[in-house]
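This is model.cif (mmCIF, C-alpha atoms and all ligand atoms).
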```cif
data_coords
#
loop_
_atom_site.label_atom_id
_atom_site.label_comp_id
_atom_site.auth_asym_id
_atom_site.auth_seq_id
_atom_site.Cartn_x
_atom_site.Cartn_y
_atom_site.Cartn_z
CA MET A 1 0.00 0.00 0.00
CA SER A 2 1.21 3.43 -0.87
CA LYS A 3 1.81 5.88 1.98
CA LEU A 4 -0.60 8.79 2.36
CA MET A 5 0.10 12.43 3.05
CA GLU A 6 -2.32 15.13 4.13
CA THR A 7 -2.21 18.56 2.51
CA ARG A 8 -4.51 21.55 2.12
CA ALA A 9 -7.08 20.88 -0.61
CA SER A 10 -5.88 22.44 -3.84
CA SER A 11 -7.07 22.12 -7.41
CA ILE A 12 -3.49 22.42 -8.61
CA ASN A 13 -2.44 19.46 -6.48
CA ARG A 14 -5.44 17.46 -7.63
CA ALA A 15 -4.66 18.26 -11.27
CA LEU A 16 -1.02 17.32 -10.75
CA ASP A 17 -1.93 14.07 -9.03
CA GLN A 18 -3.81 13.16 -12.20
CA ILE A 19 -1.59 14.42 -14.99
CA GLY A 20 1.51 15.94 -13.31
CA ASP A 21 3.83 13.25 -14.50
CA LYS A 22 6.23 13.93 -17.34
CA TRP A 23 5.16 10.98 -19.48
CA SER A 24 1.47 11.64 -19.11
CA LEU A 25 2.01 15.27 -20.09
CA LEU A 26 4.11 14.26 -23.05
CA ILE A 27 1.49 11.78 -24.27
CA ILE A 28 -1.30 14.35 -23.96
CA GLY A 29 0.83 16.90 -25.87
CA ASP A 30 1.54 14.40 -28.65
CA VAL A 31 -2.09 13.30 -28.98
CA MET A 32 -2.99 17.01 -29.23
CA TRP A 33 -0.59 17.10 -32.18
CA GLY A 34 -2.39 14.25 -33.92
CA ILE A 35 -0.20 11.29 -32.92
CA LYS A 36 -2.65 8.47 -32.40
CA THR A 37 -1.33 4.91 -32.29
CA PHE A 38 0.79 3.07 -29.74
CA GLY A 39 3.61 2.65 -32.28
CA GLU A 40 3.65 6.33 -33.20
CA LEU A 41 3.62 7.37 -29.55
CA LEU A 42 6.45 4.98 -28.82
CA ALA A 43 8.55 6.50 -31.61
CA ALA A 44 7.67 10.11 -30.76
CA THR A 45 8.27 9.91 -27.02
CA GLY A 46 11.08 7.38 -26.76
CA MET A 47 9.42 5.80 -23.70
CA SER A 48 9.74 2.12 -22.92
CA ARG A 49 6.73 0.00 -23.95
CA GLY A 50 5.98 -0.75 -20.32
CA VAL A 51 5.86 2.89 -19.21
CA LEU A 52 3.88 3.91 -22.29
CA SER A 53 1.23 1.26 -21.78
CA ASP A 54 1.08 2.04 -18.04
CA ARG A 55 0.45 5.75 -18.74
CA LEU A 56 -2.07 5.09 -21.53
CA LYS A 57 -4.09 2.87 -19.19
CA TRP A 58 -3.89 5.51 -16.49
CA LEU A 59 -4.99 8.33 -18.80
CA GLU A 60 -7.90 6.21 -20.04
CA SER A 61 -8.92 5.41 -16.48
CA ILE A 62 -9.19 9.12 -15.57
CA ASP A 63 -11.05 9.90 -18.80
CA CYS A 64 -8.19 11.90 -20.32
CA LEU A 65 -7.88 9.64 -23.37
CA GLN A 66 -10.32 7.50 -25.25
CA LYS A 67 -9.19 4.32 -26.99
CA ARG A 68 -11.03 3.50 -30.24
CA TYR A 69 -11.01 0.56 -32.60
CA THR A 70 -12.06 0.91 -36.20
CA ASP A 71 -13.56 -1.80 -38.42
CA GLU A 72 -10.60 -1.90 -40.77
CA ASN A 73 -8.11 -2.06 -37.97
CA ARG A 74 -9.32 -4.12 -35.07
CA ARG A 75 -5.80 -4.79 -33.81
CA ARG A 76 -4.40 -1.30 -33.62
CA PRO A 77 -6.47 1.07 -31.55
CA THR A 78 -6.08 4.83 -31.81
CA TYR A 79 -6.06 7.25 -28.89
CA HIS A 80 -8.18 10.39 -28.84
CA LEU A 81 -8.61 13.48 -26.71
CA THR A 82 -11.67 13.73 -24.50
CA ARG A 83 -13.52 16.89 -23.44
CA LYS A 84 -11.39 16.83 -20.32
CA THR A 85 -8.10 16.92 -22.25
CA ILE A 86 -9.38 19.38 -24.88
CA ASP A 87 -10.03 21.63 -21.90
CA LEU A 88 -6.28 21.57 -21.19
CA TYR A 89 -5.80 23.78 -24.23
CA ASP A 90 -5.45 26.92 -22.07
CA THR A 91 -2.56 25.34 -20.17
CA ALA A 92 -0.96 24.30 -23.47
CA MET A 93 -1.19 27.88 -24.78
CA MET A 94 0.29 29.36 -21.60
CA SER A 95 3.02 26.76 -21.58
CA LEU A 96 3.96 27.59 -25.16
CA ASN A 97 4.19 31.31 -24.28
CA TRP A 98 6.51 30.62 -21.41
CA GLU A 99 8.71 28.26 -23.41
CA ARG A 100 9.06 30.79 -26.19
CA ARG A 101 9.95 33.57 -23.83
CA PHE A 102 12.69 31.75 -21.95
CA TYR A 103 14.02 29.13 -24.36
CA SER A 104 14.91 29.12 -27.99
CA GLU A 105 14.09 25.91 -29.79
CA PRO A 106 13.83 25.79 -33.59
CA GLU A 107 10.82 23.41 -33.37
CA MET A 108 9.01 25.78 -31.07
CA ASP A 109 9.85 28.96 -32.93
CA ALA A 110 8.50 27.31 -36.08
CA ILE A 111 5.00 27.05 -34.65
CA GLN A 112 2.69 29.75 -35.88
CA LEU A 113 -0.74 30.18 -34.36
CA VAL A 114 -3.50 31.65 -36.51
CA HIS A 115 -6.73 32.80 -34.91
CA LYS A 116 -9.54 31.80 -37.31
CA ASP A 117 -11.92 34.42 -35.89
CA CYS A 118 -9.75 37.38 -36.93
CA GLY A 119 -7.33 35.76 -39.38
CA ASN A 120 -4.26 37.06 -37.54
CA ILE A 121 -1.13 35.34 -36.34
CA PHE A 122 -1.36 35.77 -32.60
CA THR A 123 0.31 35.29 -29.25
CA PRO A 124 -2.10 34.02 -26.61
CA LYS A 125 -2.44 36.03 -23.40
CA MET A 126 -4.14 35.40 -20.07
CA ALA A 127 -6.74 38.08 -19.34
CA CYS A 128 -9.24 38.70 -16.53
CA ARG A 129 -12.72 37.91 -17.82
CA HIS A 130 -14.16 40.82 -15.85
CA CYS A 131 -11.82 43.74 -16.65
CA GLY A 132 -9.94 42.32 -19.64
CA ARG A 133 -6.55 43.27 -18.33
CA ASP A 134 -3.56 40.90 -18.36
CA VAL A 135 -3.28 38.72 -15.27
CA LEU A 136 0.00 39.05 -13.39
CA ALA A 137 0.99 37.04 -10.31
CA ALA A 138 1.37 40.22 -8.25
CA ASP A 139 -2.26 41.26 -8.86
CA VAL A 140 -3.91 38.17 -7.40
CA GLU A 141 -5.14 37.45 -3.87
CA PHE A 142 -5.99 33.98 -2.61
CA HIS A 143 -8.87 33.25 -0.22
CA ASP A 144 -10.41 30.05 1.10
CA GLY A 145 -13.25 28.83 -1.09
CA PRO A 146 -16.22 26.58 -0.19
CA GLY A 147 -14.10 23.47 -0.80
CA ALA A 148 -11.21 24.54 1.47
CA THR A 149 -10.76 21.18 3.18
CA ARG A 150 -7.85 18.74 3.47
CA ASP A 151 -6.83 16.12 0.94
CA LEU A 152 -5.25 12.74 1.59
CA ARG A 153 -2.78 12.15 -1.20
CA LYS A 154 -0.77 9.13 -2.22
CA MET A 155 2.97 9.62 -1.86
CA LYS A 156 3.59 7.45 -4.90
CA VAL A 157 1.14 7.47 -7.76
CA ARG A 158 2.71 5.74 -10.72
CA ARG A 159 5.67 3.71 -11.76
CA ARG A 160 8.63 6.04 -12.14
CA SER A 161 11.14 6.26 -14.92
CA SER A 162 14.50 7.94 -14.50
CA LYS A 163 14.85 8.98 -18.13
CA SER A 164 15.08 12.74 -18.64
CA ILE A 165 12.47 14.49 -20.71
CA ARG A 166 15.18 16.56 -22.37
CA ASP A 167 16.55 13.45 -24.09
CA ILE A 168 13.37 12.63 -25.93
CA PRO A 169 13.59 12.45 -29.70
CA SER A 170 10.27 14.13 -30.47
CA GLY A 171 10.65 17.29 -32.51
CA ARG A 172 7.09 18.11 -31.56
CA ALA A 173 7.82 18.23 -27.87
CA GLN A 174 7.27 21.94 -27.63
CA TYR A 175 6.55 21.80 -23.92
CA LYS A 176 9.60 19.88 -22.85
CA ASN A 177 11.25 22.59 -20.75
CA LEU A 178 8.08 23.12 -18.77
CA ILE A 179 7.50 19.38 -18.48
CA HIS A 180 11.08 19.05 -17.27
CA LEU A 181 10.10 21.38 -14.40
CA ILE A 182 6.61 20.25 -13.53
CA GLY A 183 6.72 16.64 -14.70
CA ASP A 184 7.60 15.82 -11.15
CA ARG A 185 4.63 16.77 -9.01
CA TRP A 186 6.60 17.80 -5.90
CA THR A 187 8.54 20.34 -7.94
CA ALA A 188 5.29 21.72 -9.33
CA ASN A 189 3.74 21.77 -5.83
CA VAL A 190 6.67 23.84 -4.56
CA ILE A 191 6.22 26.42 -7.35
CA ALA A 192 2.48 26.61 -6.62
CA LEU A 193 3.22 27.26 -2.93
CA ALA A 194 5.66 30.01 -3.87
CA PHE A 195 2.79 31.81 -5.61
CA HIS A 196 1.07 31.85 -2.22
CA GLY A 197 4.02 33.77 -0.83
CA LEU A 198 5.92 30.92 0.85
CA LYS A 199 9.66 31.52 0.88
CA ARG A 200 11.45 29.42 3.46
CA PHE A 201 12.26 25.74 3.70
CA GLU A 202 10.19 25.27 6.90
CA GLU A 203 7.19 27.03 5.33
CA PHE A 204 7.29 24.76 2.29
CA HIS A 205 7.76 21.72 4.50
CA ARG A 206 4.78 22.57 6.71
CA GLU A 207 2.50 22.63 3.65
CA LEU A 208 4.16 19.78 1.80
CA PRO A 209 5.42 17.21 4.33
CA ILE A 210 7.61 15.19 1.98
CA ALA A 211 11.06 13.90 3.04
CA THR A 212 13.36 16.83 3.82
CA ASN A 213 16.08 15.64 1.43
CA VAL A 214 13.48 15.46 -1.38
CA LEU A 215 12.33 19.00 -0.61
CA SER A 216 15.85 20.46 -0.51
CA ASP A 217 16.63 18.66 -3.72
CA ARG A 218 13.61 20.29 -5.43
CA LEU A 219 14.46 23.77 -4.09
CA LYS A 220 18.01 23.37 -5.37
CA PHE A 221 16.77 22.17 -8.74
CA LEU A 222 14.40 25.13 -9.12
CA THR A 223 17.20 27.54 -8.19
CA GLN A 224 19.51 25.95 -10.77
CA GLU A 225 16.79 26.22 -13.39
CA GLY A 226 16.42 29.95 -12.67
CA VAL A 227 12.84 29.70 -11.36
CA PHE A 228 13.85 30.68 -7.81
CA LEU A 229 16.40 33.17 -6.59
CA ALA A 230 17.99 31.91 -3.39
CA VAL A 231 18.76 34.87 -1.12
CA PRO A 232 20.55 34.15 2.20
CA TYR A 233 18.73 35.55 5.25
CA CYS A 234 20.94 33.91 7.85
CA GLU A 235 24.70 33.30 7.68
CA ARG A 236 25.14 30.74 10.46
CA PRO A 237 23.66 28.32 9.76
CA LEU A 238 23.27 29.32 6.13
CA ARG A 239 19.56 29.67 5.28
CA PHE A 240 17.83 30.97 2.19
CA ASN A 241 14.65 32.71 1.14
CA TYR A 242 13.44 31.29 -2.16
CA ALA A 243 11.82 34.02 -4.20
CA LEU A 244 10.30 33.52 -7.64
CA SER A 245 12.46 35.07 -10.35
CA GLU A 246 11.00 36.78 -13.41
CA LYS A 247 11.07 33.36 -15.12
CA GLY A 248 9.25 31.83 -12.16
CA LEU A 249 6.64 34.59 -11.94
CA ALA A 250 5.98 34.19 -15.66
CA LEU A 251 4.68 30.66 -14.91
CA PHE A 252 1.64 32.14 -13.17
CA PRO A 253 -0.72 32.12 -16.19
CA PHE A 254 0.09 28.44 -16.71
CA PHE A 255 -0.64 27.62 -13.06
CA LEU A 256 -3.84 29.66 -13.17
CA ALA A 257 -5.00 27.68 -16.21
CA LEU A 258 -4.10 24.45 -14.42
CA LEU A 259 -5.96 25.53 -11.28
CA GLN A 260 -9.09 26.33 -13.30
CA TRP A 261 -8.83 22.95 -15.05
CA GLY A 262 -8.51 21.28 -11.64
CA ASP A 263 -11.57 23.20 -10.36
CA THR A 264 -13.59 21.96 -13.34
CA TRP A 265 -12.37 18.38 -13.68
CA CYS A 266 -10.78 17.22 -10.43
CA GLY A 267 -13.09 18.56 -7.73
CA ASP A 268 -14.70 16.54 -4.94
CA GLY A 269 -18.10 18.21 -5.36
CA SER A 270 -17.71 20.74 -2.54
CA GLY A 271 -16.70 23.66 -4.76
CA PRO A 272 -13.35 25.33 -5.42
CA PRO A 273 -10.89 25.04 -2.50
CA MET A 274 -9.61 28.49 -3.30
CA MET A 275 -11.12 31.76 -4.52
CA LEU A 276 -8.94 34.17 -6.40
CA ILE A 277 -9.44 37.94 -6.50
CA HIS A 278 -8.03 40.13 -9.25
CA THR A 279 -6.91 43.13 -7.21
CA THR A 280 -6.69 45.29 -10.36
CA CYS A 281 -10.51 45.30 -10.62
CA GLY A 282 -11.48 43.80 -7.25
CA GLU A 283 -13.59 41.02 -8.81
CA PRO A 284 -13.29 37.22 -8.49
CA LEU A 285 -10.68 36.15 -11.00
CA HIS A 286 -11.64 34.00 -13.96
CA GLY A 287 -8.70 33.89 -16.29
CA GLU A 288 -9.35 33.42 -19.98
CA VAL A 289 -6.96 32.98 -22.82
CA ARG A 290 -7.35 35.70 -25.44
CA CYS A 291 -5.89 36.66 -28.79
CA ASP A 292 -3.47 39.59 -28.60
CA ALA A 293 -4.60 40.77 -32.04
CA CYS A 294 -8.40 40.94 -31.65
CA ASP A 295 -8.83 40.37 -27.88
CA GLY A 296 -11.27 37.51 -28.60
CA ARG A 297 -11.41 34.31 -26.52
CA ILE A 298 -9.13 31.57 -27.84
CA LEU A 299 -10.83 28.21 -28.29
CA ALA A 300 -8.94 25.13 -29.47
CA TYR A 301 -11.04 24.55 -32.57
CA ARG A 302 -10.73 28.18 -33.63
CA VAL A 303 -6.95 28.02 -33.85
CA HIS A 304 -5.01 26.87 -36.85
CA GLN A 305 -1.54 25.69 -35.99
CA GLU A 306 1.04 25.95 -38.76
CA LEU A 307 4.57 24.65 -38.79
CA LEU A 308 6.99 26.88 -40.63
CA PRO A 309 9.97 25.12 -42.18
CA ILE A 310 12.63 24.60 -39.55
CA PRO A 311 15.89 26.21 -40.69
CA ALA A 312 18.65 23.65 -41.24
CA GLU A 313 21.51 23.93 -38.77
CA THR A 314 24.56 25.60 -40.18
CA SER A 315 27.88 24.63 -38.72
ZN ZN B 1 -9.90 42.05 -13.45
ZN ZN B 2 -7.92 37.12 -32.94
#
```

Target format structure tokens, applied to this file:
Amino acid sequence: MSKLMETRASSINRALDQIGDKWSLLIIGDVMWGIKTFGELLAATGMSRGVLSDRLKWLESIDCLQKRYTDENRRRPTYHLTRKTIDLYDTAMMSLNWERRFYSEPEMDAIQLVHKDCGNIFTPKMACRHCGRDVLAADVEFHDGPGATRDLRKMKVRRRSSKSIRDIPSGRAQYKNLIHLIGDRWTANVIALAFHGLKRFEEFHRELPIATNVLSDRLKFLTQEGVFLAVPYCERPLRFNYALSEKGLALFPFFLALLQWGDTWCGDGSGPPMMLIHTTCGEPLHGEVRCDACDGRILAYRVHQELLPIPAETS
């Protein structure tokens, strides 16, 4: 039996407990790109057959993928998005923004998004539904919602694989830097807690009672990746405040999209555990992804995704 841990109820944690695993995220991303069969997924992701089939079963069991057989091909099923995974489109858009801002990858730079409603090439942005202004981490307050209870969470959810996401062969893996960060749910949990203003090791540990060596490892990792700035506040013994850097703060729209997805799809029926207020306008915050050209709402089926030719490497 897997050990249990109690934490404050959080839609981000619930979402991460379902899909916050690097291979699950990679599979969802690839199916969004039209990769459909087991063989194609195997080639695109470079996973072992065992891990791939484990994750596919898991994603089917939580209604994130649907397996279909056709008459002509009764042996080789294809995998399809469900309403639940199509609803992850906002997180995919925000992830792409962040990747493009902080990393340069030819495959990613070659993606061009066209908004069918206005015909323009666009960059998606996260706006407040009420006032329409861009949502920044500094302009959001968190309050307990009707579902502010406690959750019992499994310490171990799925079979682990030590392979790094950065070694995957897929040229389509446009989210790999973000997946590298959040494809381990403790790392993602730590970032989410930092958005609530937590800064010190003991504060993180009180909210996320994982083994102390695991927690220090994640804090170190996030500092190395430039998401946290470690600022000493005590010389002897040496202790740090972990503050979100510009790169870390820029993850907020992604986490907001993930929180809203968790509210919709991973709730326990008692309502959102957390209510967010947009301090800019003073209203409850509902983030929505909009087109920077026409300000219209971005919906998955109203976006045409083009791949420009990737320039050949010159050496
Ligand atoms: Zn607002
Ligand atoms: Zn538009």

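Selecting by distance to (11.6, 31.3, -36.5) with a limit of 10 Å and using all atoms listed in the file, one obtains Ser104, Glu105, Pro106, Glu107, Met108, Asp109, Ala110, Ile111, Gln112, Leu307, Leu308, Pro309, Ile310 and Pro311 of chain A.
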
May I have the residues from that selection written out with C-alpha atoms, as a CSV table (one decimal), keeping the file's coordinate frame?
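Output contents, as saved in selection_10.csv:
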```csv
chain,number,residue,atom,x,y,z
A,104,SER,CA,14.9,29.1,-28.0
A,105,GLU,CA,14.1,25.9,-29.8
A,106,PRO,CA,13.8,25.8,-33.6
A,107,GLU,CA,10.8,23.4,-33.4
A,108,MET,CA,9.0,25.8,-31.1
A,109,ASP,CA,9.8,29.0,-32.9
A,110,ALA,CA,8.5,27.3,-36.1
A,111,ILE,CA,5.0,27.0,-34.6
A,112,GLN,CA,2.7,29.8,-35.9
A,307,LEU,CA,4.6,24.6,-38.8
A,308,LEU,CA,7.0,26.9,-40.6
A,309,PRO,CA,10.0,25.1,-42.2
A,310,ILE,CA,12.6,24.6,-39.6
A,311,PRO,CA,15.9,26.2,-40.7
```

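Closest approach to Glu141 in chain A among A:Arg290, A:Arg218, A:His278, A:Arg239 is made by A:His278 (distances from all atoms listed in the file).
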
**Request:** For each of A:Gly183, A:Gly248, A:Gly119, A:Pro253, take the minimum atom-to-atom distance to ligand ZN 2 (chain B), counting all atoms listed in the file, then give the residue where this is smallest.
**Result:**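 Ranking A:Gly183, A:Gly248, A:Gly119, A:Pro253 by distance to ligand ZN 2 (chain B), first place goes to A:Gly119.
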
Go through range 60-89 of chain A and flag each residue having an atom no more than 9 Å from range 259-271 of chain A; for those, report the closest pair of atoms plus their distance in Å to one decimal, using all atoms listed in the file, ordered by chain and rising number, as CSV.
```
residue,atom,partner,partner_atom,distance
A:Lys84,CA,A:Trp265,CA,6.9
A:Asp87,CA,A:Trp261,CA,7.1
A:Leu88,CA,A:Trp261,CA,6.8
```

**Request:** For each of A:Thr7, A:Asn213, A:Thr123, A:Ser245, take the minimum atom-to-atom distance to ligand ZN 2 (chain B), counting only C-alpha atoms and all ligand atoms, then give the residue where this is smallest.
**Result:**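 For ligand ZN 2 (chain B), the nearest of the given residues is A:Thr123.
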
Please build the interface table for chain A against ligand ZN 1 (chain B) with a cut-off of 10 Å, listing for each qualifying residue the nearest atom pair and the distance in Å to one decimal; count only C-alpha atoms and all ligand atoms, order rows by chain and increasing number, and write it as a tab-separated table.
```
residue	atom	partner	partner_atom	distance
A:Ala127	CA	B:ZN1	ZN	7.8
A:Cys128	CA	B:ZN1	ZN	4.6
A:Arg129	CA	B:ZN1	ZN	6.6
A:His130	CA	B:ZN1	ZN	5.0
A:Cys131	CA	B:ZN1	ZN	4.1
A:Gly132	CA	B:ZN1	ZN	6.2
A:Arg133	CA	B:ZN1	ZN	6.0
A:Asp134	CA	B:ZN1	ZN	8.1
A:Val135	CA	B:ZN1	ZN	7.6
A:Asp139	CA	B:ZN1	ZN	8.9
A:Val140	CA	B:ZN1	ZN	9.4
A:Ile277	CA	B:ZN1	ZN	8.1
A:His278	CA	B:ZN1	ZN	5.0
A:Thr279	CA	B:ZN1	ZN	7.0
A:Thr280	CA	B:ZN1	ZN	5.5
A:Cys281	CA	B:ZN1	ZN	4.4
A:Gly282	CA	B:ZN1	ZN	6.6
A:Glu283	CA	B:ZN1	ZN	6.0
A:Pro284	CA	B:ZN1	ZN	7.7
A:Leu285	CA	B:ZN1	ZN	6.4
A:His286	CA	B:ZN1	ZN	8.3
A:Gly287	CA	B:ZN1	ZN	8.7
```

For chain A versus ligand ZN 2 (chain B), which residues have an atom no more than 9 Å away, and what is each residue's nearest atom pair and distance in Å rounded to one decimal, using all atoms listed in the file, chain-then-number order, as a Markdown table?
```
| residue | atom | partner | partner_atom | distance |
| --- | --- | --- | --- | --- |
| A:Val114 | CA | B:ZN2 | ZN | 7.9 |
| A:His115 | CA | B:ZN2 | ZN | 4.9 |
| A:Lys116 | CA | B:ZN2 | ZN | 7.1 |
| A:Asp117 | CA | B:ZN2 | ZN | 5.7 |
| A:Cys118 | CA | B:ZN2 | ZN | 4.4 |
| A:Gly119 | CA | B:ZN2 | ZN | 6.6 |
| A:Asn120 | CA | B:ZN2 | ZN | 5.9 |
| A:Ile121 | CA | B:ZN2 | ZN | 7.8 |
| A:Phe122 | CA | B:ZN2 | ZN | 6.7 |
| A:Arg290 | CA | B:ZN2 | ZN | 7.7 |
| A:Cys291 | CA | B:ZN2 | ZN | 4.6 |
| A:Asp292 | CA | B:ZN2 | ZN | 6.7 |
| A:Ala293 | CA | B:ZN2 | ZN | 5.0 |
| A:Cys294 | CA | B:ZN2 | ZN | 4.1 |
| A:Asp295 | CA | B:ZN2 | ZN | 6.1 |
| A:Gly296 | CA | B:ZN2 | ZN | 5.5 |
| A:Arg297 | CA | B:ZN2 | ZN | 7.8 |
| A:Ile298 | CA | B:ZN2 | ZN | 7.6 |
```

Compile a residue-level contact table for range 27-129 of chain A against range 14-23 of chain A at a cut-off of 8 Å, reporting for every qualifying residue the shortest atom pair and its distance in Å to one decimal, with all atoms listed in the file counted, rows ordered by chain and ascending number, as a tab-separated table.
```
residue	atom	partner	partner_atom	distance
A:Ile27	CA	A:Trp23	CA	6.1
A:Met47	CA	A:Trp23	CA	7.9
A:Leu52	CA	A:Trp23	CA	7.7
A:Arg55	CA	A:Trp23	CA	7.1
A:Leu59	CA	A:Ile19	CA	7.9
A:Ile62	CA	A:Gln18	CA	7.5
```

**Message:** So, with all atoms listed in the file as the atoms that count, which of A:Val214, A:Leu219, A:Leu276, A:Ala92 lies closest to Ala137 in chain A?
**Reply:**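 Among A:Val214, A:Leu219, A:Leu276, A:Ala92, it is A:Leu276 that comes nearest to Ala137 in chain A.
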
**Message:** Please determine, counting all atoms listed in the file, which residue among A:Glu99, A:Glu225, A:Asp144, A:Glu6 has the shortest atom-to-atom distance to Lys176 in chain A.
**Reply:**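 Distance minimum relative to Lys176 in chain A lands on A:Glu99.
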
Listed atoms of range 272-282 of chain A boxed axis-aligned with 3 Å per side, centre + edges as JSON:
```
{"center_x": -10.0, "center_y": 35.2, "center_z": -6.6, "size_x": 12.7, "size_y": 26.3, "size_z": 14.1}
```

**Asked** Using all atoms listed in the file, which residue out of A:Ile191, A:Phe102, A:Gly39, A:Ser48 lies closest to Leu215 in chain A?
**Response**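 Among the listed residues, the smallest separation from Leu215 in chain A belongs to A:Ile191.
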
**Message:** Report as a VMD selection string all protein, DNA and RNA residues lying within 12 Å of Leu41 in chain A, evaluated on all atoms listed in the file, omitting residues in the same chain fewer than 2 positions from it.
**Reply:** chain A and resid 23 to 24 26 to 39 43 to 49 51 to 53 55 to 56 78 to 79 168 to 170 172 to 173

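Picture a line from CA of Phe195 in chain A to CA of Ala250 in chain A; it runs 10.8 Å.
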
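Separating CA of Ala192 in chain A from CA of Ile12 in chain A is a distance of 7.6 Å.
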
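Between CA of Met94 in chain A and CA of Lys247 in chain A the separation is 13.2 Å.
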
**Request:** Find the spatial neighbours of Ala9 in chain A, counting all atoms listed in the file, within a cut-off of 7 Å - ignore same-chain residues fewer than 4 positions away - and output them as an MDAnalysis selection string.
**Result:** chainID A and resid 148:151 273
